[in-house]
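Raw contents of structure.pdb, PDB, C-alpha atoms:
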```pdb
ATOM      1  CA  GLY A   1      37.500 -24.510 -21.877
ATOM      2  CA  VAL A   2      39.309 -24.354 -18.670
ATOM      3  CA  PRO A   3      37.292 -23.697 -15.538
ATOM      4  CA  HIS A   4      37.633 -20.115 -14.263
ATOM      5  CA  SER A   5      39.247 -21.224 -10.991
ATOM      6  CA  ALA A   6      41.950 -23.137 -12.878
ATOM      7  CA  GLN A   7      42.855 -20.257 -15.250
ATOM      8  CA  GLY A   8      45.164 -18.697 -12.645
ATOM      9  CA  MET A   9      47.144 -21.915 -12.594
ATOM     10  CA  MET A  10      47.742 -22.041 -16.352
ATOM     11  CA  PRO A  11      51.465 -21.899 -17.284
ATOM     12  CA  GLY A  12      51.206 -18.874 -19.600
ATOM     13  CA  ASN A  13      49.081 -16.791 -17.227
ATOM     14  CA  LYS A  14      50.686 -13.804 -15.430
ATOM     15  CA  GLN A  15      48.875 -14.768 -12.234
ATOM     16  CA  ASN A  16      50.630 -18.112 -12.116
ATOM     17  CA  MET A  17      51.286 -18.861  -8.453
ATOM     18  CA  THR A  18      54.302 -21.092  -8.154
ATOM     19  CA  PHE A  19      56.035 -22.171  -4.989
ATOM     20  CA  SER A  20      58.941 -19.739  -5.667
ATOM     21  CA  ASN A  21      56.510 -16.835  -6.064
ATOM     22  CA  MET A  22      54.922 -17.674  -2.738
ATOM     23  CA  LEU A  23      58.338 -17.734  -1.046
ATOM     24  CA  SER A  24      59.411 -14.398  -2.512
ATOM     25  CA  ALA A  25      56.164 -12.664  -1.624
ATOM     26  CA  PRO A  26      56.465 -10.327   1.334
ATOM     27  CA  PRO A  27      55.142 -11.920   4.510
ATOM     28  CA  PRO A  28      51.819 -10.674   5.747
ATOM     29  CA  SER A  29      52.111  -8.241   8.613
ATOM     30  CA  VAL A  30      52.168 -10.184  11.824
ATOM     31  CA  GLN A  31      51.196  -8.466  15.010
ATOM     32  CA  ALA A  32      51.495 -10.015  18.404
ATOM     33  CA  PRO A  33      48.015 -10.890  19.575
ATOM     34  CA  GLN A  34      46.887  -8.572  22.291
ATOM     35  CA  ARG A  35      46.033 -10.359  25.471
ATOM     36  CA  PRO A  36      42.701  -9.423  26.912
ATOM     37  CA  GLU A  37      42.819  -7.971  30.366
ATOM     38  CA  THR A  38      42.569 -10.710  32.964
ATOM     39  CA  LYS A  39      39.274 -10.433  34.747
ATOM     40  CA  THR A  40      38.212 -12.144  37.914
ATOM     41  CA  VAL A  41      34.776 -13.324  38.931
ATOM     42  CA  TYR A  42      34.607 -10.242  41.141
ATOM     43  CA  ASP A  43      34.818  -7.890  38.139
ATOM     44  CA  ASP A  44      31.430  -8.909  36.705
ATOM     45  CA  GLU A  45      29.082  -7.156  39.119
ATOM     46  CA  GLN A  46      25.904  -8.179  37.314
ATOM     47  CA  ARG A  47      26.839 -11.866  37.352
ATOM     48  CA  MET A  48      27.978 -11.671  40.971
ATOM     49  CA  ASP A  49      24.690 -10.041  42.013
ATOM     50  CA  LEU A  50      22.727 -12.788  40.249
ATOM     51  CA  ASP A  51      24.863 -15.527  41.851
ATOM     52  CA  LEU A  52      24.510 -13.850  45.223
ATOM     53  CA  SER A  53      20.712 -13.607  45.038
ATOM     54  CA  VAL A  54      20.503 -17.338  44.249
ATOM     55  CA  ALA A  55      22.973 -18.201  47.023
ATOM     56  CA  VAL A  56      21.028 -16.168  49.596
ATOM     57  CA  LYS A  57      17.878 -18.158  48.734
ATOM     58  CA  LEU A  58      19.847 -21.412  48.952
ATOM     59  CA  ALA A  59      21.156 -20.398  52.381
ATOM     60  CA  GLU A  60      17.552 -19.962  53.521
ATOM     61  CA  VAL A  61      16.736 -23.450  52.214
ATOM     62  CA  THR A  62      19.447 -24.961  54.427
ATOM     63  CA  MET A  63      16.919 -24.589  57.262
ATOM     64  CA  ASP A  64      14.418 -26.889  55.493
ATOM     65  CA  SER A  65      13.185 -29.894  57.462
ATOM     66  CA  SER A  66      14.027 -32.322  54.655
ATOM     67  CA  PRO A  67      17.632 -33.607  54.721
ATOM     68  CA  VAL A  68      17.490 -34.163  50.938
ATOM     69  CA  VAL A  69      16.603 -30.505  50.353
ATOM     70  CA  ARG A  70      19.361 -29.360  52.733
ATOM     71  CA  PHE A  71      21.864 -31.659  51.023
ATOM     72  CA  GLU A  72      20.997 -30.299  47.576
ATOM     73  CA  ALA A  73      21.119 -26.711  48.843
ATOM     74  CA  ILE A  74      24.576 -27.329  50.315
ATOM     75  CA  LEU A  75      25.758 -28.930  47.061
ATOM     76  CA  ALA A  76      24.690 -25.822  45.160
ATOM     77  CA  LEU A  77      26.189 -23.508  47.798
ATOM     78  CA  ASN A  78      29.424 -25.470  47.503
ATOM     79  CA  CYS A  79      29.630 -24.384  43.844
ATOM     80  CA  PHE A  80      28.977 -20.766  44.819
ATOM     81  CA  ILE A  81      31.570 -20.878  47.611
ATOM     82  CA  GLY A  82      34.064 -22.472  45.230
ATOM     83  CA  LYS A  83      33.511 -19.766  42.637
ATOM     84  CA  TYR A  84      33.993 -16.947  45.156
ATOM     85  CA  ILE A  85      36.456 -18.815  47.369
ATOM     86  CA  ASP A  86      38.755 -15.865  48.066
ATOM     87  CA  ALA A  87      35.892 -13.902  49.603
ATOM     88  CA  PHE A  88      34.818 -16.847  51.762
ATOM     89  CA  VAL A  89      38.410 -17.462  52.871
ATOM     90  CA  SER A  90      38.552 -13.819  53.970
ATOM     91  CA  ILE A  91      35.262 -14.160  55.841
ATOM     92  CA  ALA A  92      36.271 -17.462  57.444
ATOM     93  CA  GLY A  93      39.604 -15.921  58.429
ATOM     94  CA  LYS A  94      37.714 -13.374  60.503
ATOM     95  CA  THR A  95      35.565 -16.014  62.172
ATOM     96  CA  ILE A  96      37.579 -19.228  62.456
ATOM     97  CA  GLY A  97      35.814 -21.419  64.977
ATOM     98  CA  GLY A  98      32.633 -19.384  64.629
ATOM     99  CA  LYS A  99      34.052 -16.553  66.745
ATOM    100  CA  LEU A 100      35.414 -13.203  65.654
ATOM    101  CA  GLN A 101      39.208 -13.418  65.682
ATOM    102  CA  GLY A 102      41.277 -10.614  67.042
ATOM    103  CA  ARG A 103      44.324 -11.790  68.949
ATOM    104  CA  SER A 104      46.608 -14.711  68.332
ATOM    105  CA  VAL A 105      47.441 -17.366  70.887
ATOM    106  CA  LEU A 106      51.077 -16.508  70.162
ATOM    107  CA  GLY A 107      50.522 -12.876  71.053
ATOM    108  CA  GLY A 108      49.789  -9.927  68.843
ATOM    109  CA  SER A 109      46.884  -9.571  66.523
ATOM    110  CA  MET A 110      46.244 -12.044  63.741
ATOM    111  CA  PRO A 111      46.512 -10.477  60.302
ATOM    112  CA  SER A 112      43.244 -10.212  58.453
ATOM    113  CA  ILE A 113      42.898 -11.690  54.998
ATOM    114  CA  PRO A 114      41.936  -8.928  52.587
ATOM    115  CA  MET A 115      38.624  -9.136  50.790
ATOM    116  CA  PRO A 116      39.042  -9.408  47.002
ATOM    117  CA  LYS A 117      38.716  -6.208  44.994
ATOM    118  CA  GLY A 118      35.198  -5.808  43.669
ATOM    119  CA  ILE A 119      33.404  -6.871  46.842
ATOM    120  CA  GLY A 120      31.394  -4.041  48.327
ATOM    121  CA  GLY A 121      30.062  -3.776  51.860
ATOM    122  CA  ASN A 122      26.576  -5.027  50.974
ATOM    123  CA  THR A 123      27.950  -8.000  49.029
ATOM    124  CA  GLU A 124      30.307  -8.843  51.881
ATOM    125  CA  LYS A 125      27.425  -8.815  54.395
ATOM    126  CA  LYS A 126      25.385 -11.197  52.231
ATOM    127  CA  MET A 127      28.365 -13.527  51.859
ATOM    128  CA  GLU A 128      28.857 -13.427  55.634
ATOM    129  CA  GLN A 129      25.200 -14.440  56.080
ATOM    130  CA  ILE A 130      25.689 -17.343  53.657
ATOM    131  CA  TRP A 131      28.815 -18.465  55.513
ATOM    132  CA  ALA A 132      26.964 -18.184  58.846
ATOM    133  CA  ALA A 133      24.154 -20.424  57.514
ATOM    134  CA  VAL A 134      26.676 -23.012  56.290
ATOM    135  CA  PHE A 135      28.591 -22.847  59.565
ATOM    136  CA  LYS A 136      25.409 -23.229  61.606
ATOM    137  CA  LEU A 137      24.485 -26.336  59.625
ATOM    138  CA  HIS A 138      28.027 -27.590  60.180
ATOM    139  CA  ARG A 139      27.417 -27.475  63.907
ATOM    140  CA  SER A 140      23.904 -28.831  64.071
ATOM    141  CA  ASP A 141      22.751 -31.075  61.205
ATOM    142  CA  PRO A 142      21.763 -34.523  62.527
ATOM    143  CA  PHE A 143      21.969 -36.317  59.152
ATOM    144  CA  LEU A 144      25.351 -37.827  58.385
ATOM    145  CA  SER A 145      25.381 -37.140  54.622
ATOM    146  CA  VAL A 146      24.525 -33.453  55.116
ATOM    147  CA  SER A 147      26.898 -33.121  58.046
ATOM    148  CA  GLU A 148      29.826 -34.707  56.172
ATOM    149  CA  LEU A 149      29.326 -32.482  53.134
ATOM    150  CA  VAL A 150      29.098 -29.318  55.221
ATOM    151  CA  ASN A 151      32.083 -30.360  57.340
ATOM    152  CA  SER A 152      34.204 -30.900  54.234
ATOM    153  CA  ILE A 153      33.353 -27.390  52.999
ATOM    154  CA  VAL A 154      34.016 -25.713  56.352
ATOM    155  CA  ILE A 155      37.270 -27.621  56.923
ATOM    156  CA  ALA A 156      38.570 -26.816  53.424
ATOM    157  CA  ILE A 157      37.794 -23.098  53.747
ATOM    158  CA  ASN A 158      39.189 -22.896  57.302
ATOM    159  CA  LYS A 159      42.406 -24.677  56.255
ATOM    160  CA  ARG A 160      42.896 -22.248  53.428
ATOM    161  CA  ALA A 161      42.142 -19.305  55.726
ATOM    162  CA  MET A 162      44.697 -20.513  58.286
ATOM    163  CA  SER A 163      47.262 -21.001  55.523
ATOM    164  CA  GLU A 164      46.665 -17.457  54.254
ATOM    165  CA  LYS A 165      46.859 -16.035  57.781
ATOM    166  CA  THR A 166      50.134 -17.883  58.365
ATOM    167  CA  LYS A 167      51.587 -16.495  55.126
ATOM    168  CA  LEU A 168      50.490 -12.971  56.049
ATOM    169  CA  ARG A 169      51.909 -13.343  59.554
ATOM    170  CA  GLN A 170      55.238 -14.631  58.205
ATOM    171  CA  LEU A 171      55.354 -11.825  55.678
ATOM    172  CA  ARG A 172      54.637  -9.268  58.372
ATOM    173  CA  ALA A 173      57.230 -10.833  60.709
ATOM    174  CA  GLY A 174      59.801 -10.846  57.896
ATOM    175  CA  ILE A 175      59.214  -7.162  57.230
ATOM    176  CA  ARG A 176      59.521  -6.414  60.940
ATOM    177  CA  ARG A 177      62.739  -8.455  61.187
ATOM    178  CA  ARG A 178      64.233  -6.639  58.212
ATOM    179  CA  SER A 179      63.361  -3.248  59.678
ATOM    180  CA  LEU A 180      64.775  -4.256  63.076
ATOM    181  CA  THR A 181      67.900  -5.654  61.462
ATOM    182  CA  GLY A 182      68.301  -2.423  59.530
ATOM    183  CA  SER A 183      68.068  -0.337  62.702
ATOM    184  CA  ILE A 184      70.523  -2.643  64.515
ATOM    185  CA  ASP A 185      72.947  -2.414  61.596
ATOM    186  CA  GLU A 186      72.675   1.367  61.698
ATOM    187  CA  LYS A 187      73.382   1.344  65.440
ATOM    188  CA  GLY A 188      76.206  -1.115  64.846
ATOM    189  CA  ASP A 189      77.727   1.252  62.305
ATOM    190  CA  GLU A 190      77.491   4.099  64.818
ATOM    191  CA  ARG A 191      79.254   1.987  67.478
ATOM    192  CA  SER A 192      82.068   1.119  65.092
ATOM    193  CA  ASP A 193      82.828   4.854  64.836
ATOM    194  CA  PHE A 194      83.334   4.947  68.603
ATOM    195  CA  SER A 195      85.114   1.636  68.974
ATOM    196  CA  SER A 196      88.543   1.437  70.511
ATOM    197  CA  PRO A 197      91.356   2.523  68.251
ATOM    198  CA  SER A 198      93.083  -0.227  66.380
ATOM    199  CA  LEU A 199      96.543  -1.218  67.494
TER     200      LEU A 199
END
```

Written as structure tokens, how would this file's structure read?
Amino acid sequence: GVPHSAQGMMPGNKQNMTFSNMLSAPPPSVQAPQRPETKTVYDDEQRMDLDLSVAVKLAEVTMDSSPVVRFEAILALNCFIGKYIDAFVSIAGKTIGGKLQGRSVLGGSMPSIPMPKGIGGNTEKKMEQIWAAVFKLHRSDPFLSVSELVNSIVIAINKRAMSEKTKLRQLRAGIRRRSLTGSIDEKGDERSDFSSPSL
């Protein structure tokens, strides 16, 4: 006889699936796929704690006497800094040039770059220690390959921090300008009530 799988395709069979039957069949229910909630690297506390414990050890190794060991430690720290770049940009923004920033050369205080959500006080302190170790090596390593690698990391983070600070400052200045313009417009409207009568 006919194989069992081919019986449904036989012309006299009620289960005959033809192209027209497939077209007239009701479409399967289609639901829009639900998008998973976007998570950041800062949302996974367990992973961040593990990364942080490794990075703290690597920061200690940057004091090793061997330039090869320091170079490899900095390479690995570069990956960590890249993964948690927003936190390091915030930290660098507070300490551009190795000094705590408070006032701008242009007057007024420099806006601080907010720390990403999910970073607690203890985590922030450890990241600050890691950044301090990298920055110290940036200032003092005598070997060119180590020094160039560290300099590239520090320059990239500082550039991004300055860019963020500039954006925040412009945003803050724009808000101030709008509020001042609003108060001037209000005063201007008041003056128009008392202006000289039209001729």

Once the PyMOL selection byres ((chain A and resi 83) around 12) has been evaluated on this model, what residues remain selected, and can you format them as a ChimeraX atom specification? /A:40-42,47-48,51-52,55,76-82,84-89

Run through the PyMOL selection byres ((chain A and resi 160-163) around 7) on the given coordinates and return the selected residues as a PyMOL selection string. chain A and resi 89-90+92-93+156-159+164-167

With C-alpha atoms kept, could you save the residues just selected as a PDB file, keeping the file's coordinate frame?
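Final output, result-v5.pdb:
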```pdb
ATOM      1  CA  VAL A  89      38.410 -17.462  52.871  1.00  0.00           C
ATOM      2  CA  SER A  90      38.552 -13.819  53.970  1.00  0.00           C
ATOM      3  CA  ALA A  92      36.271 -17.462  57.444  1.00  0.00           C
ATOM      4  CA  GLY A  93      39.604 -15.921  58.429  1.00  0.00           C
ATOM      5  CA  ALA A 156      38.570 -26.816  53.424  1.00  0.00           C
ATOM      6  CA  ILE A 157      37.794 -23.098  53.747  1.00  0.00           C
ATOM      7  CA  ASN A 158      39.189 -22.896  57.302  1.00  0.00           C
ATOM      8  CA  LYS A 159      42.406 -24.677  56.255  1.00  0.00           C
ATOM      9  CA  GLU A 164      46.665 -17.457  54.254  1.00  0.00           C
ATOM     10  CA  LYS A 165      46.859 -16.035  57.781  1.00  0.00           C
ATOM     11  CA  THR A 166      50.134 -17.883  58.365  1.00  0.00           C
ATOM     12  CA  LYS A 167      51.587 -16.495  55.126  1.00  0.00           C
TER      13      LYS A 167
END
```

Could you tell me how far atom CA of Asp43 of chain A sits from atom CA of Thr95 of chain A, in Å to one decimal place?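 If I compute the distance from atom CA of Thr95 of chain A to atom CA of Asp43 of chain A, I get 25.4 Å.
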
Residue nearest Lys94 of chain A - candidates A:Ile113, A:Val134, A:Ala59, A:Val146, atoms counted: only C-alpha atoms: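 Nearest to Lys94 of chain A: A:Ile113.
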
Between atom CA of Ser152 of chain A and atom CA of Leu171 of chain A, distance in Å (one decimal):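 Atom CA of Leu171 of chain A lies 28.5 Å from atom CA of Ser152 of chain A.
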
Hits from the PyMOL selection byres ((chain A and resi 145) around 12), listed as number ranges by chain: A: 67-72, 74-75, 137-138, 141-144, 146-152

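Atom CA of Asn122 of chain A to atom CA of Ser140 of chain A spans 27.3 Å [interatomic distance, one decimal].
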
Go through A:Asp44, A:Trp131, A:Gly118, A:Ser112 and flag the residue nearest Val56 of chain A, using all atoms listed in the file for the distances.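 Closest residue, counting all atoms listed in the file: A:Trp131.
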
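Residue nearest Lys136 of chain A within the list A:Leu58, A:Leu50, A:Val154, A:Ala173: A:Val154 [criterion: smallest interatomic distance, all atoms listed in the file].
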